[in-house]
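*Asks:* Once you've had a glance at the structure underneath, I'll fire off some questions.
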Amino acid sequence: MKASQLFFPTLREVPSEAEVISHQLLLRAGFIRKASGGVYSYLPLAYRVLKKIMNIIREEMDNSGGQEIMMPIIQPKELWEQSGRWELYGDEMFRLSDRHDRFFALGPTHEEMITTIVKNDIHSYRGLPLLLYQIQNKYRDEIRPRFGLMRGREFIMKDAYSFDIDGGGLESMYQVMMQTYNRIFARFKLKFRMVEADSGAIGGNESHEFMVLAESGENEIVYCSACDYAANVEKAEAADIALEFCNEEELPLEKMSTPNKRTIEEVSKFLNVKENRIIKSLLYFADSNPIMVLCRGDRDINEIKLKNVVGSKELTLADDGTANQILGASFGSLGPKDVNLPIYADLEVKYMQNAVCGANENGYHLINVNQKRDLSDMFFADLRNVAAGDQCPNCSQNLFSIRGIEVGQIFKLGLKYSEALDANFLDSEGNTRHMIMGCYGIGVSRTMAAAVEQNYDDDGIIWPLSIAPYQAIVIPVNVKNEEQMQTAVLIYEELLVLGIEAILDDRDERAGVKFKDADLIGIPLRITIGPKSLQSNQAELKVRWEKEISLVPIAGIVEKVKTILET
RNA sequence: CGGGAUGUAGCGCAGCUUGGUAGCGCGUCUGGUUCGGGACCAGAAGGCCGCAGGUUCGAAUCCUGUCAUCCCGACCA
């Protein structure tokens with residue numbers, strides 16, 4: 001492609017609307033333009049990157065027995081009513097009606113659709129297992145779309161669905177997809193990590209997420225220094241271990257005045273005790289039943305774990321007024337002593353001695369609280385967020401934490417949709433059984449943004465070779481110099497003959513402008529033909545992520561480029 | 001949904017307090033001089049000042065409403 005014909009409107013300044021680096025650079029480098037909040041057009045360079053990502057996915061999915069299909073974006077309300085998600089999905093689903101006042105959803109996902117398709121035409125175990133996938137736009141009316149392509153309302157996703165005869169079939173399909181995903185992300189040349197993930201409302205089933213590692217990631221991952229344990233903090237299990245101060249002598253319980261000290265931090269300072277010796281007491285409603293939830297003051301309750309332990313559908317934190325009604329005190333003074341509510345406590349609370357907690361009286365806290373001696377009965381469970389420095393649940397070594405961008409998730413759905421939508425088949429013995437499903441997603445457009453979040457410098461994007469929009473750019477320093485131009489064209493055409501995707505920057509611009517643009521759009525290899533090196537029949541070769549420029553004889557430069565691309 | 005901020009040329013911004021019919025830098029176009037990391041000179045095009053009402057002889061500027069965009073929050077007392 002000649003740069004003079006390529007539509008890549010680069011900007012010299014950072015558009016004021018962009019905050020995160022991928023958003024800024026994709027706008028500046030002329031990859032995307034915004035249509036509305038969370039909705040973007042992909043310009044030629046972006047679409048080339050997306051196609052590369054999609055093709056890698058296709059190749060690997062097809063290799064693993066997947067078959068690509070395309071389902072409608074517009075989906076009738078009735079379909080979603082069958083699964084109950086017309087209500088459940090809530091405001092996040094885009095809805096529309098036609099001229100006859102029939103309602104439709106813009107597909108946020110396709111479980112209902114795929115299950116319907118498969119159940120209508122597969123009636124025998126002979127048709128199973130089946131793995132179908134599509135790459136398509138998804139629509140989710142996010143509360144707050146943000147970070148450019150990272151959290152859009154319209155985005156491109158690969159979604160795959162598997163149908164199996166039994167749990168064993170699903171298990172082997174799941175393993176295959178796990179390996180497939182590892183191959184896909186390895187081919188993107190991104191630093192990533194597969195982590196254990198929470199399975200959400202479905203419960204009990206297995207799920208893994210694929211995280212591209214980047215500081216700006218919205219997810220926190222904990223991983224073990226010694227073994228291969230890695231999990232999203234939402235999911236990571238806390239080890240059930242005793243604290244170092246668990247063998248103290250029990251001191252007498254006392255009530256202390258703590259006027260206007262509401263937060264853990266304030267109470268900690270005021271009473272001069274460490275935050276990890278304060279019991280944090282929260283009042284929740286589990287499906288409208290009040291419960292008290294405890295954890296150490298320096299810890300955070302993990303609501304996903306809590307929800308799973310309590311077994312409730314909905315979990316909401318009470319407001320201050322409700323706390324006063326039920327416990328007779330405001331936030332900051334709540335505590336678990338003499339409370340007539342179910343109490344759920346994090347495992348660590350079991351080991352806390354001579355601790356501090358609210359007295360259920362405004363402005364007062366109890367000190368030297370010892371759970372067995374002083375507090376009501378409570379149910380212990382792993383309820384907190386694991387943090388860096390905690391012990392690995394597998395091997396007891398230290399856990400570290402790192403941030404990641406979730407670009408893929410694989411999931412054992414089980415019977416959820418096959419039961420709701422009655423997707424049955426006859427097994428080899430003539431019994432009617434439900435199909436067992438799995439689903440497997442990859443955020444395609446988010447992967448492009450994540451690649452930028454992970455690979456950039458002050459000059460612009462640094463695309464990994466496998467997903468770069470073009471592999472090489474040939475820059476004649478001065479297009480009016482015939483010798484330079486002819487040499488550049490020659491090299492460019494040789495690259496094309498070898499199937500290398502190249503740009504010839506034939507624009508009548510100063511060299512600096514071309515260098516700046518080449519860096520900004522992030523082309524991995526740059527070949528410069530200028531007067532200096534041309535004298536000795538050489539051209540300059542620069543790799544985007546390296547500092548040095550090497551001089552290569554013109555006769556051998558195309559071979560050299562080919563070699564680099566093949567390694 | 002709550003809080004904050006911003007909408008003026010393709011991009012970045014000034015002007016608004018104190019109303020008088022719009023400006024700067026970059027980019028774009030023409031001509032010329034240049035030519036190895038975002039050149040210089042001269043000239044030019046480009047704006048219903050987000051939209052709708054209102055006040056006024058007169059509104060980018062004041063008032064009301066509305067829409068859009070961005071940030072923070074919407075859970076840890």
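Residues in the structure tokens are named by chain (A, B, ... in the order shown) and by number from 1 within that chain; ligands are numbered from 1 in the order shown.
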Contacts between chain A and chain B, please, where a residue of chain B counts if it comes within 9 Å (with only C-alpha atoms (C1' of nucleotides)); show its shortest atom pair and distance in Å to one decimal, rows by chain and ascending number, as a tab-separated table.

*Replies:*
residue	atom	partner	partner_atom	distance
B:C11	C1'	A:Glu13	CA	6.5
B:G12	C1'	A:Glu13	CA	6.3
B:C26	C1'	A:Arg12	CA	7.5
B:G27	C1'	A:Leu11	CA	8.4
B:C35	C1'	A:Arg510	CA	5.9
B:G36	C1'	A:Ala511	CA	5.9
B:G37	C1'	A:Gly512	CA	4.2
B:G38	C1'	A:Val513	CA	4.9
B:A39	C1'	A:Arg510	CA	8.0
B:A68	C1'	A:Ser36	CA	8.8
B:U69	C1'	A:Glu17	CA	7.3
B:C70	C1'	A:Glu17	CA	5.6
B:C71	C1'	A:Glu19	CA	8.8
B:C75	C1'	A:Leu317	CA	6.5
B:C76	C1'	A:Asp300	CA	6.0
B:A77	C1'	A:Phe331	CA	4.2

*Asks:* Quick one, how far is atom CA of A:Cys395 from atom CA of A:Ile410?

*Replies:*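 Going from atom CA of A:Cys395 over to atom CA of A:Ile410 covers 25.2 Å.
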
*Asks:* Excluding stretch 156-163 of chain A and any residue of its chain fewer than 5 positions from it, enumerate the residues within 8 Å of it, using only C-alpha atoms (C1' of nucleotides), and give them as an MDAnalysis selection string.

*Replies:* chainID A and resid 109:111 114 128:138 170 173 435:446

*Asks:* Hey, what's within 10 Å of A:Thr432 if we count only C-alpha atoms (C1' of nucleotides) and toss same-chain stuff fewer than 3 positions away? As a PyMOL selection string, please?

*Replies:* chain A and resi 123-125+423-429+435

*Asks:* Stretch 38-42 of chain A: which residues within 7 Å, counting only C-alpha atoms (C1' of nucleotides), same-chain residues fewer than 3 positions away excluded, as number ranges by chain?

*Replies:* A: 31-35, 46-47, 145-146, 148, 151-154

*Asks:* Generate a file of the selected residues that holds all heavy atoms, formatted as a tab-separated table (two decimals), in the first residue's frame.

*Replies:*
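As a result, part30.tsv now contains:
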chain	number	residue	atom	x	y	z
A	31	PHE	N	-6.60	5.09	13.76
A	31	PHE	CA	-7.17	3.75	13.71
A	31	PHE	C	-8.68	3.77	13.91
A	31	PHE	O	-9.40	3.01	13.29
A	31	PHE	CB	-6.56	2.86	14.81
A	31	PHE	CG	-5.21	2.29	14.45
A	31	PHE	CD1	-4.12	3.12	14.27
A	31	PHE	CD2	-5.05	0.92	14.29
A	31	PHE	CE1	-2.88	2.60	13.93
A	31	PHE	CE2	-3.80	0.39	13.95
A	31	PHE	CZ	-2.72	1.23	13.78
A	32	ILE	N	-9.15	4.61	14.83
A	32	ILE	CA	-10.57	4.60	15.14
A	32	ILE	C	-11.12	6.03	15.19
A	32	ILE	O	-10.37	6.99	15.37
A	32	ILE	CB	-10.86	3.93	16.51
A	32	ILE	CG1	-10.13	4.67	17.64
A	32	ILE	CG2	-10.46	2.47	16.49
A	32	ILE	CD1	-10.50	4.20	19.04
A	33	ARG	N	-12.43	6.13	15.01
A	33	ARG	CA	-13.12	7.40	15.21
A	33	ARG	C	-14.42	7.09	15.95
A	33	ARG	O	-15.05	6.07	15.70
A	33	ARG	CB	-13.42	8.09	13.87
A	33	ARG	CG	-12.18	8.68	13.21
A	33	ARG	CD	-11.58	9.84	14.00
A	33	ARG	NE	-10.41	10.43	13.37
A	33	ARG	CZ	-9.14	10.17	13.70
A	33	ARG	NH1	-8.87	9.30	14.66
A	33	ARG	NH2	-8.14	10.75	13.08
A	34	LYS	N	-14.77	8.00	16.84
A	34	LYS	CA	-15.95	7.75	17.65
A	34	LYS	C	-17.24	8.14	16.94
A	34	LYS	O	-17.31	9.18	16.30
A	34	LYS	CB	-15.85	8.54	18.96
A	34	LYS	CG	-16.98	8.21	19.92
A	34	LYS	CD	-16.82	8.92	21.24
A	34	LYS	CE	-17.00	10.42	21.07
A	34	LYS	NZ	-16.76	11.14	22.30
A	35	ALA	N	-18.25	7.29	17.08
A	35	ALA	CA	-19.56	7.62	16.54
A	35	ALA	C	-20.45	8.16	17.66
A	35	ALA	O	-21.21	9.10	17.47
A	35	ALA	CB	-20.21	6.39	15.91
A	46	ALA	N	-6.97	-0.11	11.67
A	46	ALA	CA	-7.60	-0.87	12.75
A	46	ALA	C	-8.24	-2.13	12.21
A	46	ALA	O	-8.12	-3.20	12.80
A	46	ALA	CB	-8.65	-0.02	13.45
A	47	TYR	N	-8.89	-2.00	11.07
A	47	TYR	CA	-9.60	-3.17	10.55
A	47	TYR	C	-8.63	-4.25	10.12
A	47	TYR	O	-8.92	-5.44	10.24
A	47	TYR	CB	-10.53	-2.76	9.40
A	47	TYR	CG	-11.60	-3.80	9.17
A	47	TYR	CD1	-12.37	-4.25	10.23
A	47	TYR	CD2	-11.81	-4.34	7.91
A	47	TYR	CE1	-13.33	-5.23	10.05
A	47	TYR	CE2	-12.77	-5.32	7.72
A	47	TYR	CZ	-13.53	-5.76	8.79
A	47	TYR	OH	-14.47	-6.73	8.61
A	145	PRO	N	-19.83	3.50	29.59
A	145	PRO	CA	-18.80	3.07	28.66
A	145	PRO	C	-17.56	3.92	28.91
A	145	PRO	O	-17.68	5.10	29.23
A	145	PRO	CB	-19.40	3.36	27.28
A	145	PRO	CG	-20.61	4.17	27.51
A	145	PRO	CD	-20.96	4.16	28.95
A	146	ARG	N	-16.39	3.31	28.82
A	146	ARG	CA	-15.20	4.12	29.07
A	146	ARG	C	-13.96	3.48	28.49
A	146	ARG	O	-14.00	2.36	28.01
A	146	ARG	CB	-15.01	4.33	30.57
A	146	ARG	CG	-14.88	3.04	31.35
A	146	ARG	CD	-14.79	3.34	32.83
A	146	ARG	NE	-15.70	2.46	33.55
A	146	ARG	CZ	-15.86	2.50	34.88
A	146	ARG	NH1	-15.22	3.39	35.58
A	146	ARG	NH2	-16.67	1.68	35.48
A	148	GLY	N	-12.29	4.11	25.79
A	148	GLY	CA	-12.24	3.83	24.36
A	148	GLY	C	-12.79	2.45	24.04
A	148	GLY	O	-13.93	2.14	24.39
A	151	ARG	N	-14.14	-0.72	27.01
A	151	ARG	CA	-15.48	-1.02	27.50
A	151	ARG	C	-16.48	-0.28	26.64
A	151	ARG	O	-16.91	0.82	26.98
A	151	ARG	CB	-15.61	-0.65	28.98
A	151	ARG	CG	-16.97	-1.02	29.59
A	151	ARG	CD	-16.96	-0.87	31.10
A	151	ARG	NE	-16.05	-1.81	31.71
A	151	ARG	CZ	-16.36	-3.09	31.94
A	151	ARG	NH1	-17.55	-3.56	31.62
A	151	ARG	NH2	-15.49	-3.89	32.48
A	152	GLY	N	-16.83	-0.87	25.54
A	152	GLY	CA	-17.72	-0.20	24.59
A	152	GLY	C	-19.14	-0.72	24.72
A	152	GLY	O	-19.41	-1.70	25.41
A	153	ARG	N	-20.04	-0.05	24.07
A	153	ARG	CA	-21.43	-0.51	24.04
A	153	ARG	C	-21.66	-1.40	22.81
A	153	ARG	O	-22.54	-2.23	22.79
A	153	ARG	CB	-22.38	0.68	24.04
A	153	ARG	CG	-22.24	1.49	25.35
A	153	ARG	CD	-23.36	2.45	25.53
A	153	ARG	NE	-23.35	3.48	24.51
A	153	ARG	CZ	-24.33	4.35	24.34
A	153	ARG	NH1	-25.41	4.27	25.10
A	153	ARG	NH2	-24.24	5.27	23.42
A	154	GLU	N	-20.85	-1.15	21.79
A	154	GLU	CA	-20.84	-2.05	20.64
A	154	GLU	C	-19.40	-2.54	20.51
A	154	GLU	O	-18.48	-1.74	20.51
A	154	GLU	CB	-21.25	-1.31	19.37
A	154	GLU	CG	-21.19	-2.19	18.13
A	154	GLU	CD	-21.54	-1.41	16.87
A	154	GLU	OE1	-20.63	-0.80	16.28
A	154	GLU	OE2	-22.70	-1.39	16.49

*Asks:* Please return as number ranges by chain: the residues of stretch 85-272 of chain A that backbone DSSP assigns to strand (DSSP E or B).

*Replies:* A: 95-97, 103-106, 124, 130-139, 146, 151, 154-164, 192-196, 207-213, 219-224, 230-232, 254-257

*Asks:* For atom CA of A:Leu45 and atom CA of A:Asn219, determine how far apart the two atoms are, in Å to one decimal place.

*Replies:*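 Calculated distance between atom CA of A:Leu45 and atom CA of A:Asn219 is 28.2 Å.
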
*Asks:* Kindly indicate which residue among B:A44, B:A22, B:C1, B:C13 lies nearest to B:A60, using only C-alpha atoms (C1' of nucleotides) for the distances.

*Replies:*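 Of B:A44, B:A22, B:C1, B:C13, the one nearest B:A60, counting only C-alpha atoms (C1' of nucleotides), is B:A22.
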
*Asks:* Go through stretch 222-338 of chain A and collect every residue that DSSP, computed from the backbone, puts in helix (DSSP H, G or I); the answer should be as a list in words.

*Replies:*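 Secondary structure check on stretch 222-338 of chain A, helix (DSSP H, G or I): Ile264, Glu265, Glu266, Val267, Ser268, Lys269, Phe270, Leu271, Glu275, Asn276, Arg277, Glu303, Ile304, Lys305, Leu306, Lys307, Asn308, Val309, Val310, Asp320, Gly321, Thr322, Ala323, Asn324, Gln325, Ile326 and Leu327 of chain A.
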
*Asks:* To one decimal place in Å, what is the distance between atom CA of A:Ile475 and atom CA of A:Ile527?

*Replies:*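 These atoms are spaced 6.0 Å apart.
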
*Asks:* Using only C-alpha atoms, which residue out of A:Leu495, A:Leu50, A:Met177, A:Ala420 lies closest to A:Gly66?

*Replies:* A:Met177

*Asks:* Counting only C-alpha atoms, figure out which residue out of A:Ser401, A:Asn431, A:Gln535, A:Thr563 gets nearest to A:Ser225.

*Replies:*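 Ranked by minimum distance to A:Ser225, first place goes to A:Ser401.
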
*Asks:* May I have the residues within 12 Å of B:C49 as a list in words, using only C-alpha atoms (C1' of nucleotides) and disregarding those fewer than 5 positions away in the same chain?

*Replies:*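 Returned residues: G7, U8, A9, G15, C16, U21, A22, G23, A59, A60 and U61 of chain B.
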